[in-house]
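K.L.:
structure-v2.pdb is the file, holding PDB, C-alpha atoms:
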```pdb
ATOM      1  CA  MET A 244       0.000   0.000   0.000
ATOM      2  CA  ARG A 245       1.305   3.442  -0.950
ATOM      3  CA  GLU A 246       1.361   6.060   1.794
ATOM      4  CA  SER A 247      -0.743   8.399  -0.361
ATOM      5  CA  SER A 248      -3.616   5.877  -0.312
ATOM      6  CA  TYR A 249      -3.234   4.987   3.388
ATOM      7  CA  ILE A 250      -6.308   5.711   5.555
ATOM      8  CA  PRO A 251      -5.286   5.901   9.249
ATOM      9  CA  GLY A 252      -8.866   5.644  10.497
ATOM     10  CA  PHE A 253      -9.164   2.126   9.143
ATOM     11  CA  ASP A 254      -6.251   1.035  11.318
ATOM     12  CA  TRP A 255      -7.907   2.768  14.287
ATOM     13  CA  VAL A 256     -10.988   0.634  13.592
ATOM     14  CA  ARG A 257      -8.847  -2.531  13.456
ATOM     15  CA  ILE A 258      -7.164  -1.749  16.780
ATOM     16  CA  ILE A 259     -10.219  -0.534  18.702
ATOM     17  CA  GLY A 260     -12.575  -3.053  17.090
ATOM     18  CA  SER A 261     -10.431  -6.092  17.916
ATOM     19  CA  ILE A 262      -9.982  -4.902  21.520
ATOM     20  CA  LEU A 263     -13.735  -4.308  21.896
ATOM     21  CA  VAL A 264     -14.504  -7.779  20.517
ATOM     22  CA  ALA A 265     -12.121  -9.347  23.060
ATOM     23  CA  VAL A 266     -13.542  -7.229  25.893
ATOM     24  CA  THR A 267     -17.117  -8.100  24.865
ATOM     25  CA  HIS A 268     -16.402 -11.839  24.742
ATOM     26  CA  CYS A 269     -14.863 -11.580  28.215
ATOM     27  CA  GLY A 270     -18.332 -10.594  29.451
ATOM     28  CA  VAL A 271     -17.649  -6.941  30.262
ATOM     29  CA  PHE A 272     -20.756  -5.649  28.466
ATOM     30  CA  MET A 273     -23.033  -8.541  29.407
ATOM     31  CA  TYR A 274     -24.991  -6.381  31.864
ATOM     32  CA  PHE A 275     -25.821  -3.857  29.134
ATOM     33  CA  TYR A 276     -26.637  -6.655  26.674
ATOM     34  CA  ASN A 277     -29.076  -8.273  29.119
ATOM     35  CA  ASN A 278     -30.616  -5.120  30.604
ATOM     36  CA  THR A 279     -30.378  -2.442  27.920
ATOM     37  CA  SER A 280     -30.308  -4.466  24.712
ATOM     38  CA  GLN A 281     -31.702  -1.583  22.651
ATOM     39  CA  PHE A 282     -28.791   0.694  23.606
ATOM     40  CA  TYR A 283     -26.402  -2.189  22.959
ATOM     41  CA  GLN A 284     -27.937  -2.687  19.513
ATOM     42  CA  LEU A 285     -27.904   1.040  18.748
ATOM     43  CA  PHE A 286     -24.201   1.463  19.424
ATOM     44  CA  SER A 287     -22.892  -1.795  17.896
ATOM     45  CA  LEU A 288     -21.636   0.234  14.956
ATOM     46  CA  LEU A 289     -18.149  -1.067  14.282
ATOM     47  CA  ILE A 290     -19.426  -4.247  12.593
ATOM     48  CA  PRO A 291     -21.312  -2.344   9.843
ATOM     49  CA  VAL A 292     -18.320   0.021   9.519
ATOM     50  CA  PHE A 293     -16.058  -2.991   8.912
ATOM     51  CA  PHE A 294     -18.264  -4.141   6.006
ATOM     52  CA  ILE A 295     -18.433  -0.610   4.566
ATOM     53  CA  MET A 296     -14.631  -0.385   4.827
ATOM     54  CA  SER A 297     -14.223  -3.665   2.967
ATOM     55  CA  GLY A 298     -16.489  -2.609   0.102
ATOM     56  CA  TYR A 299     -14.897   0.837  -0.054
ATOM     57  CA  LEU A 300     -11.344  -0.533  -0.220
ATOM     58  CA  ARG A 301     -12.247  -3.031  -2.935
ATOM     59  CA  GLU A 302     -14.031  -0.377  -5.000
ATOM     60  CA  ARG A 303     -10.967   1.908  -4.911
ATOM     61  CA  SER A 304      -8.946  -0.641  -6.851
ATOM     62  CA  PHE A 305     -11.804  -2.506  -8.438
ATOM     63  CA  SER A 306     -11.403  -5.289 -10.945
ATOM     64  CA  ARG A 307     -13.316  -8.519 -11.227
ATOM     65  CA  GLN A 308     -10.068 -10.450 -11.225
ATOM     66  CA  ALA A 309      -9.090  -8.849  -7.912
ATOM     67  CA  VAL A 310     -12.484  -9.762  -6.440
ATOM     68  CA  TYR A 311     -12.187 -13.368  -7.640
ATOM     69  CA  SER A 312      -8.678 -13.576  -6.191
ATOM     70  CA  GLN A 313      -9.813 -12.199  -2.829
ATOM     71  CA  VAL A 314     -12.829 -14.494  -2.637
ATOM     72  CA  LEU A 315     -10.746 -17.577  -3.491
ATOM     73  CA  LYS A 316      -7.950 -16.653  -1.085
ATOM     74  CA  TYR A 317     -10.043 -15.882   1.980
ATOM     75  CA  GLY A 318     -12.711 -18.418   1.081
ATOM     76  CA  ALA A 319     -10.096 -21.198   1.036
ATOM     77  CA  ILE A 320      -8.717 -20.104   4.424
ATOM     78  CA  TYR A 321     -12.229 -19.909   5.873
ATOM     79  CA  LEU A 322     -13.230 -23.338   4.550
ATOM     80  CA  ALA A 323     -10.005 -24.902   5.861
ATOM     81  CA  VAL A 324     -10.445 -23.482   9.382
ATOM     82  CA  ASN A 325     -14.175 -24.162   9.437
ATOM     83  CA  SER A 326     -13.603 -27.758   8.231
ATOM     84  CA  LEU A 327     -11.041 -28.339  10.983
ATOM     85  CA  ALA A 328     -13.605 -27.125  13.528
ATOM     86  CA  VAL A 329     -16.235 -29.507  12.098
ATOM     87  CA  ILE A 330     -13.816 -32.459  12.127
ATOM     88  CA  TYR A 331     -12.788 -31.592  15.716
ATOM     89  CA  THR A 332     -16.451 -31.596  16.793
ATOM     90  CA  HIS A 333     -17.066 -35.050  15.304
ATOM     91  CA  ILE A 334     -13.858 -36.523  16.706
ATOM     92  CA  ASN A 335     -14.688 -35.061  20.129
ATOM     93  CA  ALA A 336     -18.162 -36.649  19.966
ATOM     94  CA  LEU A 337     -16.538 -39.967  19.107
ATOM     95  CA  ALA A 338     -14.079 -39.725  22.006
ATOM     96  CA  ARG A 339     -16.667 -38.636  24.577
ATOM     97  CA  PHE A 340     -19.801 -40.513  23.561
ATOM     98  CA  GLY A 341     -18.631 -43.138  21.085
ATOM     99  CA  GLU A 342     -20.768 -41.531  18.364
ATOM    100  CA  PHE A 343     -19.627 -40.802  14.835
ATOM    101  CA  SER A 344     -21.570 -40.150  11.636
ATOM    102  CA  TRP A 345     -19.905 -39.964   8.239
ATOM    103  CA  THR A 346     -23.101 -38.507   6.799
ATOM    104  CA  GLY A 347     -23.196 -35.815   9.481
ATOM    105  CA  LEU A 348     -19.532 -35.000   8.903
ATOM    106  CA  ILE A 349     -19.950 -34.634   5.126
ATOM    107  CA  VAL A 350     -23.135 -32.563   5.496
ATOM    108  CA  ASN A 351     -21.517 -30.204   7.999
ATOM    109  CA  LEU A 352     -18.443 -29.814   5.797
ATOM    110  CA  PHE A 353     -20.620 -28.777   2.840
ATOM    111  CA  LYS A 354     -22.691 -26.474   5.069
ATOM    112  CA  GLY A 355     -19.500 -24.488   5.577
ATOM    113  CA  PHE A 356     -20.051 -22.928   2.139
ATOM    114  CA  VAL A 357     -23.005 -20.954   3.509
ATOM    115  CA  CYS A 358     -22.614 -20.802   7.289
ATOM    116  CA  ARG A 359     -19.854 -21.311   9.836
ATOM    117  CA  SER A 360     -19.614 -24.146  12.334
ATOM    118  CA  ASP A 361     -20.717 -23.463  15.910
ATOM    119  CA  ASP A 362     -17.111 -24.147  16.949
ATOM    120  CA  ALA A 363     -15.848 -21.461  14.562
ATOM    121  CA  TYR A 364     -18.395 -18.772  15.307
ATOM    122  CA  GLN A 365     -15.840 -15.956  14.926
ATOM    123  CA  LEU A 366     -15.677 -16.754  11.206
ATOM    124  CA  TRP A 367     -19.308 -15.720  10.661
ATOM    125  CA  PHE A 368     -18.338 -12.512   8.873
ATOM    126  CA  ILE A 369     -16.358 -14.214   6.083
ATOM    127  CA  PRO A 370     -19.288 -15.704   4.083
ATOM    128  CA  ALA A 371     -21.242 -12.521   4.890
ATOM    129  CA  LEU A 372     -18.437 -10.526   3.247
ATOM    130  CA  LEU A 373     -17.263 -12.741   0.382
ATOM    131  CA  TYR A 374     -20.665 -13.447  -1.201
ATOM    132  CA  PRO A 375     -21.583  -9.726  -1.334
ATOM    133  CA  MET A 376     -18.112  -9.012  -2.765
ATOM    134  CA  LEU A 377     -18.774 -11.552  -5.502
ATOM    135  CA  LEU A 378     -22.235 -10.094  -6.131
ATOM    136  CA  ASN A 379     -20.862  -6.560  -6.459
ATOM    137  CA  ALA A 380     -18.324  -7.708  -9.044
ATOM    138  CA  PHE A 381     -21.252  -8.073 -11.487
ATOM    139  CA  LEU A 382     -23.278  -4.990 -10.534
ATOM    140  CA  ASP A 383     -23.237  -1.494 -11.991
ATOM    141  CA  LYS A 384     -24.246   1.583  -9.977
ATOM    142  CA  LYS A 385     -27.938   1.104 -10.689
ATOM    143  CA  GLY A 386     -27.761  -2.551  -9.686
ATOM    144  CA  ARG A 387     -25.992  -1.703  -6.440
ATOM    145  CA  ARG A 388     -28.579   0.873  -5.514
ATOM    146  CA  ILE A 389     -31.331  -1.685  -6.118
ATOM    147  CA  VAL A 390     -29.477  -4.191  -3.890
ATOM    148  CA  ILE A 391     -29.122  -1.553  -1.142
ATOM    149  CA  VAL A 392     -32.865  -0.785  -1.229
ATOM    150  CA  ILE A 393     -33.875  -4.461  -1.244
ATOM    151  CA  SER A 394     -31.472  -5.557   1.512
ATOM    152  CA  ALA A 395     -32.360  -2.536   3.711
ATOM    153  CA  THR A 396     -36.078  -3.289   3.246
ATOM    154  CA  LEU A 397     -35.583  -6.941   4.183
ATOM    155  CA  ILE A 398     -33.553  -5.988   7.269
ATOM    156  CA  ILE A 399     -36.319  -3.614   8.406
ATOM    157  CA  ALA A 400     -38.952  -6.296   7.738
ATOM    158  CA  ARG A 401     -36.922  -8.840   9.696
ATOM    159  CA  GLU A 402     -36.669  -6.486  12.657
ATOM    160  CA  ILE A 403     -40.409  -5.760  12.614
ATOM    161  CA  ILE A 404     -41.333  -9.447  12.323
ATOM    162  CA  GLY A 405     -39.007 -10.366  15.190
ATOM    163  CA  ASN A 406     -36.464 -13.126  15.540
ATOM    164  CA  ASP A 407     -38.709 -15.540  17.443
ATOM    165  CA  VAL A 408     -41.536 -15.314  14.919
ATOM    166  CA  LEU A 409     -39.109 -15.651  12.015
ATOM    167  CA  GLU A 410     -37.475 -18.755  13.496
ATOM    168  CA  GLU A 411     -40.892 -20.273  14.112
ATOM    169  CA  GLU A 412     -41.925 -19.669  10.489
ATOM    170  CA  ILE A 413     -38.626 -21.068   9.200
ATOM    171  CA  GLY A 414     -39.190 -24.111  11.412
ATOM    172  CA  ASN A 415     -42.646 -24.605   9.868
ATOM    173  CA  VAL A 416     -41.151 -24.458   6.378
ATOM    174  CA  LEU A 417     -38.397 -26.917   7.318
ATOM    175  CA  SER A 418     -40.961 -29.340   8.732
ATOM    176  CA  SER A 419     -42.485 -29.568   5.249
ATOM    177  CA  LEU A 420     -39.055 -30.059   3.664
ATOM    178  CA  PRO A 421     -37.641 -33.031   5.591
ATOM    179  CA  ILE A 422     -34.423 -33.348   3.574
ATOM    180  CA  ILE A 423     -33.445 -29.699   4.082
ATOM    181  CA  GLY A 424     -34.722 -29.896   7.662
ATOM    182  CA  LYS A 425     -32.171 -32.625   8.378
ATOM    183  CA  ILE A 426     -29.360 -30.383   7.133
ATOM    184  CA  PHE A 427     -30.286 -26.994   8.581
ATOM    185  CA  TYR A 428     -32.145 -25.953  11.711
ATOM    186  CA  ALA A 429     -34.305 -22.832  12.041
ATOM    187  CA  GLN A 430     -31.988 -20.856  14.322
ATOM    188  CA  GLU A 431     -29.074 -21.508  11.989
ATOM    189  CA  LEU A 432     -30.939 -20.321   8.874
ATOM    190  CA  SER A 433     -32.255 -17.253  10.698
ATOM    191  CA  ARG A 434     -28.742 -16.325  11.810
ATOM    192  CA  MET A 435     -27.332 -16.932   8.324
ATOM    193  CA  TRP A 436     -30.077 -14.779   6.783
ATOM    194  CA  ARG A 437     -29.317 -11.947   9.239
ATOM    195  CA  HIS A 438     -25.573 -12.036   8.571
ATOM    196  CA  LEU A 439     -25.890 -12.215   4.777
ATOM    197  CA  LEU A 440     -28.391  -9.363   4.665
ATOM    198  CA  ALA A 441     -26.188  -7.118   6.825
ATOM    199  CA  GLY A 442     -23.079  -8.055   4.861
ATOM    200  CA  THR A 443     -24.813  -7.399   1.536
ATOM    201  CA  LEU A 444     -26.220  -4.041   2.623
ATOM    202  CA  TYR A 445     -23.092  -2.542   4.140
ATOM    203  CA  THR A 446     -20.561  -4.026   1.698
ATOM    204  CA  THR A 447     -22.598  -2.658  -1.211
ATOM    205  CA  ILE A 448     -22.808   0.728   0.522
ATOM    206  CA  GLY A 449     -19.009   0.635   0.716
ATOM    207  CA  PHE A 450     -18.819   0.216  -3.056
ATOM    208  CA  GLU A 451     -21.135   3.203  -3.567
ATOM    209  CA  ILE A 452     -20.428   5.572  -0.685
ATOM    210  CA  ASP A 453     -17.703   7.580  -2.406
ATOM    211  CA  SER A 454     -20.288   8.862  -4.893
ATOM    212  CA  TRP A 455     -22.664  10.010  -2.133
ATOM    213  CA  ARG A 456     -22.638  13.555  -0.793
ATOM    214  CA  LEU A 457     -23.258  12.936   2.882
ATOM    215  CA  LYS A 458     -22.242  14.875   5.983
ATOM    216  CA  PRO A 459     -21.646  12.988   9.264
ATOM    217  CA  LEU A 460     -23.279  15.732  11.359
ATOM    218  CA  ALA A 461     -26.430  15.692   9.210
ATOM    219  CA  LEU A 462     -26.670  11.903   9.553
ATOM    220  CA  ILE A 463     -26.192  12.066  13.337
ATOM    221  CA  LEU A 464     -28.822  14.799  13.723
ATOM    222  CA  SER A 465     -31.204  12.775  11.533
ATOM    223  CA  ALA A 466     -30.592   9.663  13.643
ATOM    224  CA  ILE A 467     -31.584  11.345  16.923
ATOM    225  CA  PRO A 468     -35.356  11.701  16.302
ATOM    226  CA  VAL A 469     -35.390   8.360  14.471
ATOM    227  CA  ALA A 470     -33.730   6.660  17.468
ATOM    228  CA  PHE A 471     -36.275   8.288  19.791
ATOM    229  CA  LEU A 472     -39.149   6.855  17.761
ATOM    230  CA  GLU A 473     -37.494   3.455  17.435
ATOM    231  CA  PHE A 474     -36.989   3.164  21.191
ATOM    232  CA  HIS A 475     -40.718   3.646  21.637
ATOM    233  CA  THR A 476     -41.580   1.028  19.032
ATOM    234  CA  GLY A 477     -38.851  -1.370  20.164
ATOM    235  CA  HIS A 478     -37.441  -1.802  16.645
ATOM    236  CA  ILE A 479     -33.888  -0.422  16.448
ATOM    237  CA  VAL A 480     -32.822  -0.600  12.803
ATOM    238  CA  ILE A 481     -32.792   2.713  10.893
ATOM    239  CA  SER A 482     -30.862   4.797  13.456
ATOM    240  CA  PRO A 483     -27.913   2.323  13.600
ATOM    241  CA  PHE A 484     -27.918   2.426   9.786
ATOM    242  CA  LEU A 485     -27.569   6.224   9.774
ATOM    243  CA  LEU A 486     -25.008   6.239  12.587
ATOM    244  CA  SER A 487     -22.901   3.510  10.957
ATOM    245  CA  ILE A 488     -22.570   5.545   7.759
ATOM    246  CA  ALA A 489     -21.763   8.673   9.796
ATOM    247  CA  LEU A 490     -19.122   6.782  11.774
ATOM    248  CA  PHE A 491     -17.523   5.482   8.582
ATOM    249  CA  LEU A 492     -17.293   9.004   7.177
ATOM    250  CA  ILE A 493     -15.723  10.220  10.440
ATOM    251  CA  VAL A 494     -13.289   7.293  10.536
ATOM    252  CA  LYS A 495     -12.206   8.011   6.948
ATOM    253  CA  LYS A 496     -11.105  11.505   8.027
ATOM    254  CA  LEU A 497      -9.286  10.580  11.237
ATOM    255  CA  PRO A 498      -5.616  11.647  11.518
ATOM    256  CA  GLY A 499      -2.782   9.226  12.190
ATOM    257  CA  HIS A 500      -0.414   8.970   9.234
ATOM    258  CA  PHE A 501       2.351   8.282  11.773
ATOM    259  CA  MET A 502       0.914   4.727  11.895
ATOM    260  CA  TYR A 503       1.650   4.030   8.240
ATOM    261  CA  PRO A 504       4.995   2.237   8.871
ATOM    262  CA  TYR A 505       3.198   0.012  11.391
ATOM    263  CA  HIS A 506       0.233  -0.925   9.165
ATOM    264  CA  ALA A 507       1.334  -4.565   8.764
ATOM    265  CA  ALA A 508       1.988  -4.895  12.500
ATOM    266  CA  ILE A 509      -1.429  -3.420  13.301
ATOM    267  CA  SER A 510      -3.064  -5.910  10.916
ATOM    268  CA  LEU A 511      -1.237  -8.799  12.592
ATOM    269  CA  PHE A 512      -2.055  -7.618  16.121
ATOM    270  CA  SER A 513      -5.748  -7.015  15.417
ATOM    271  CA  GLY A 514      -6.090 -10.298  13.507
ATOM    272  CA  MET A 515      -4.462 -12.370  16.262
ATOM    273  CA  LEU A 516      -6.482 -10.621  18.956
ATOM    274  CA  TYR A 517      -9.743 -11.236  17.096
ATOM    275  CA  PHE A 518      -9.148 -14.916  16.302
ATOM    276  CA  LEU A 519      -7.152 -16.054  19.340
ATOM    277  CA  HIS A 520      -8.629 -14.199  22.295
ATOM    278  CA  ARG A 521     -11.161 -16.933  23.142
ATOM    279  CA  PHE A 522      -8.433 -19.563  23.483
ATOM    280  CA  GLU A 523      -6.281 -17.142  25.473
ATOM    281  CA  TYR A 524      -9.259 -16.342  27.705
ATOM    282  CA  ILE A 525      -9.856 -20.017  28.497
ATOM    283  CA  PHE A 526      -6.166 -20.606  29.262
ATOM    284  CA  ILE A 527      -5.720 -17.497  31.429
ATOM    285  CA  ARG A 528      -8.937 -18.058  33.387
ATOM    286  CA  GLY A 529      -8.076 -21.726  33.879
ATOM    287  CA  PHE A 530      -4.435 -21.389  34.928
ATOM    288  CA  ILE A 531      -3.530 -17.806  35.819
ATOM    289  CA  THR A 532      -6.276 -15.572  37.224
ATOM    290  CA  ASP A 533     -10.022 -15.193  37.752
ATOM    291  CA  SER A 534      -9.857 -11.410  37.406
ATOM    292  CA  ILE A 535     -11.618 -10.215  34.248
ATOM    293  CA  SER A 536      -9.636  -6.969  34.143
ATOM    294  CA  LEU A 537      -6.291  -8.750  34.480
ATOM    295  CA  THR A 538      -7.374 -11.362  31.926
ATOM    296  CA  ILE A 539      -8.151  -8.654  29.360
ATOM    297  CA  LEU A 540      -4.823  -6.901  29.993
ATOM    298  CA  LEU A 541      -2.925 -10.187  29.652
ATOM    299  CA  ILE A 542      -4.719 -11.044  26.391
ATOM    300  CA  ILE A 543      -3.881  -7.658  24.886
ATOM    301  CA  ALA A 544      -0.303  -7.785  26.207
ATOM    302  CA  PHE A 545       0.320 -11.292  24.846
ATOM    303  CA  ASN A 546      -0.797 -10.398  21.336
ATOM    304  CA  LEU A 547       1.151  -7.140  21.452
ATOM    305  CA  VAL A 548       4.351  -8.910  22.534
ATOM    306  CA  VAL A 549       3.950 -11.600  19.849
ATOM    307  CA  THR A 550       3.446  -8.879  17.215
ATOM    308  CA  ILE A 551       6.578  -7.008  18.342
ATOM    309  CA  VAL A 552       8.666 -10.191  18.395
ATOM    310  CA  VAL A 553       7.472 -11.230  14.915
ATOM    311  CA  PHE A 554       8.337  -7.867  13.372
ATOM    312  CA  LEU A 555      11.662  -7.624  15.180
ATOM    313  CA  PHE A 556      12.500 -11.010  13.687
ATOM    314  CA  ILE A 557      11.361  -9.900  10.226
ATOM    315  CA  ASN A 558      13.373  -6.670  10.424
ATOM    316  CA  LYS A 559      16.504  -8.532  11.546
ATOM    317  CA  GLY A 560      16.083 -10.886   8.608
ATOM    318  CA  LYS A 561      15.853  -7.911   6.247
ATOM    319  CA  GLU A 562      18.961  -6.333   7.774
ATOM    320  CA  ARG A 563      20.914  -9.563   7.322
ATOM    321  CA  GLY A 564      19.731  -9.797   3.731
ATOM    322  CA  ASN A 565      20.811  -6.211   3.020
ATOM    323  CA  THR A 566      24.213  -6.850   4.667
ATOM    324  CA  ALA A 567      24.713  -9.961   2.571
ATOM    325  CA  LYS A 568      23.977  -7.988  -0.629
ATOM    326  CA  VAL A 569      26.541  -5.354   0.330
TER     327      VAL A 569
END
```
Using structure tokens, write down the structure from this file.

P.N.:
Amino acid sequence: MRESSYIPGFDWVRIIGSILVAVTHCGVFMYFYNNTSQFYQLFSLLIPVFFIMSGYLRERSFSRQAVYSQVLKYGAIYLAVNSLAVIYTHINALARFGEFSWTGLIVNLFKGFVCRSDDAYQLWFIPALLYPMLLNAFLDKKGRRIVIVISATLIIAREIIGNDVLEEEIGNVLSSLPIIGKIFYAQELSRMWRHLLAGTLYTTIGFEIDSWRLKPLALILSAIPVAFLEFHTGHIVISPFLLSIALFLIVKKLPGHFMYPYHAAISLFSGMLYFLHRFEYIFIRGFITDSISLTILLIIAFNLVVTIVVFLFINKGKERGNTAKV
């Protein structure tokens, strides 16, 4: 990446977002999730911003070949990790209960093409990102705007209908389709539908947002009365949409070009923290401390130290290579 095209705010999102994910999964915000779920839903904005970022970055250097390459690369990694999780689950069931099903194993491996395994839940965003990326490779501006309208409408409809009612209706449909019902369950399809809709909406917005003339302050001011009305109806959907776009526009303008030399290190740190923090949490809570605060600090510190060590090693290797050339 050239420094002229570097966007510091996106690295801020990677750092802060990965830390917030780790903190959330350590149970810090559980009280707010259980007691003020509407506020929790309203301010869970970094996930939509991540999808907008992804679409925006791909659109800046758009080519269908680049999209195909990205989908194949990350899709292969996702399928490999997800398949390992599926195989682990079946082997664990065999070891603990003496149960093993080749049919179940094969079905769950193929299900990975549309939804992640329960043992790899942190990979949920990859299908929700890659399929919209592939879709946008074939769309023009008019097509993208149609997709944005349709996906936004379906998200609003889903929120109004409610998750429980939707799962019940999906369950009724599955009961009349016994073959599909043996492969998928209602909660799984409902979750997959939610993720794919959100991924499609916000990734497509990312492809289009550079052509929009929007002001963050105007979006925030518009979201305030909408949020007030939505809190009274109990359906929080349009105000997070407005605030997510506003946050993206703010993030895009954030300063921080001093971070450019550390972009690769930031990507490594945030990636490790996102994917490894659950394993680190289990280890630390099992063998080191019961303190949530100390656990979080140790998780962050471990990933930071590993990142520093990796890049010190890489830099030393480069220095040796340069010395050898001289």

K.L.:
Applying 10 Å and all atoms listed in the file, which residues near Leu540 of chain A remain after dropping the ones on its own chain fewer than 5 positions away? List them as a list of chain:residue names.

P.N.:
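In the requested form, the answer reads A:Val266, A:Ile535, A:Phe545.
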
K.L.:
Quick check, in Å to one decimal: how far apart do atom CA of Ile413 of chain A and atom CA of Val350 of chain A lie?

P.N.:
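Distance between the two atoms: 19.6 Å.
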
K.L.:
Just want the 12 Å neighbourhood of segment 502-519 of chain A, counted on all atoms listed in the file, with same-chain residues fewer than 6 positions away dropped. Output as a ChimeraX atom specification.

P.N.:
/A:244-268,321,324,363-368,525-526,539-555,557-558

K.L.:
Per residue of segment 480-563 of chain A within 12 Å of segment 390-403 of chain A, note the shortest atom pair and the distance in Å to one decimal, counting only C-alpha atoms, and order the rows by chain and increasing residue number, as CSV.

P.N.:
```
residue,atom,partner,partner_atom,distance
A:Val480,CA,A:Ile399,CA,6.4
A:Ile481,CA,A:Ile399,CA,7.7
A:Ser482,CA,A:Ile399,CA,11.2
A:Pro483,CA,A:Ile399,CA,11.5
A:Phe484,CA,A:Ala395,CA,9.0
A:Leu485,CA,A:Ala395,CA,11.7
```

K.L.:
Which one is closest to Arg307 of chain A: A:Val416, A:Leu497, A:Ala380, A:Ser534? Count all atoms listed in the file.

P.N.:
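Result for the nearest residue to Arg307 of chain A: A:Ala380.
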
K.L.:
Take atom CA of Ile423 of chain A and atom CA of Trp436 of chain A and report the distance between them in Å, one decimal.

P.N.:
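Those two atoms sit 15.5 Å apart.
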
K.L.:
How many Å lie between atom CA of Lys425 of chain A and atom CA of Lys354 of chain A, rounded to one decimal?

P.N.:
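Answer for the atom CA of Lys425 of chain A to atom CA of Lys354 of chain A separation: 11.8 Å.
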
K.L.:
Restricting the calculation to only C-alpha atoms: of A:Arg359, A:Arg388, A:Arg339, A:His475, which residue gets closest to Leu444 of chain A?

P.N.:
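Comparing A:Arg359, A:Arg388, A:Arg339, A:His475 against Leu444 of chain A, the winner is A:Arg388.
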
K.L.:
Find the residues near Leu439 of chain A: any atom within 9 Å, counting all atoms listed in the file, skip ones fewer than 4 places away on the same chain, and give them as a list in words.

P.N.:
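Counting all atoms listed in the file, the residues come to Phe368, Pro370, Ala371, Leu372, Tyr374, Pro375, Arg434, Met435, Thr443 and Leu444 of chain A.
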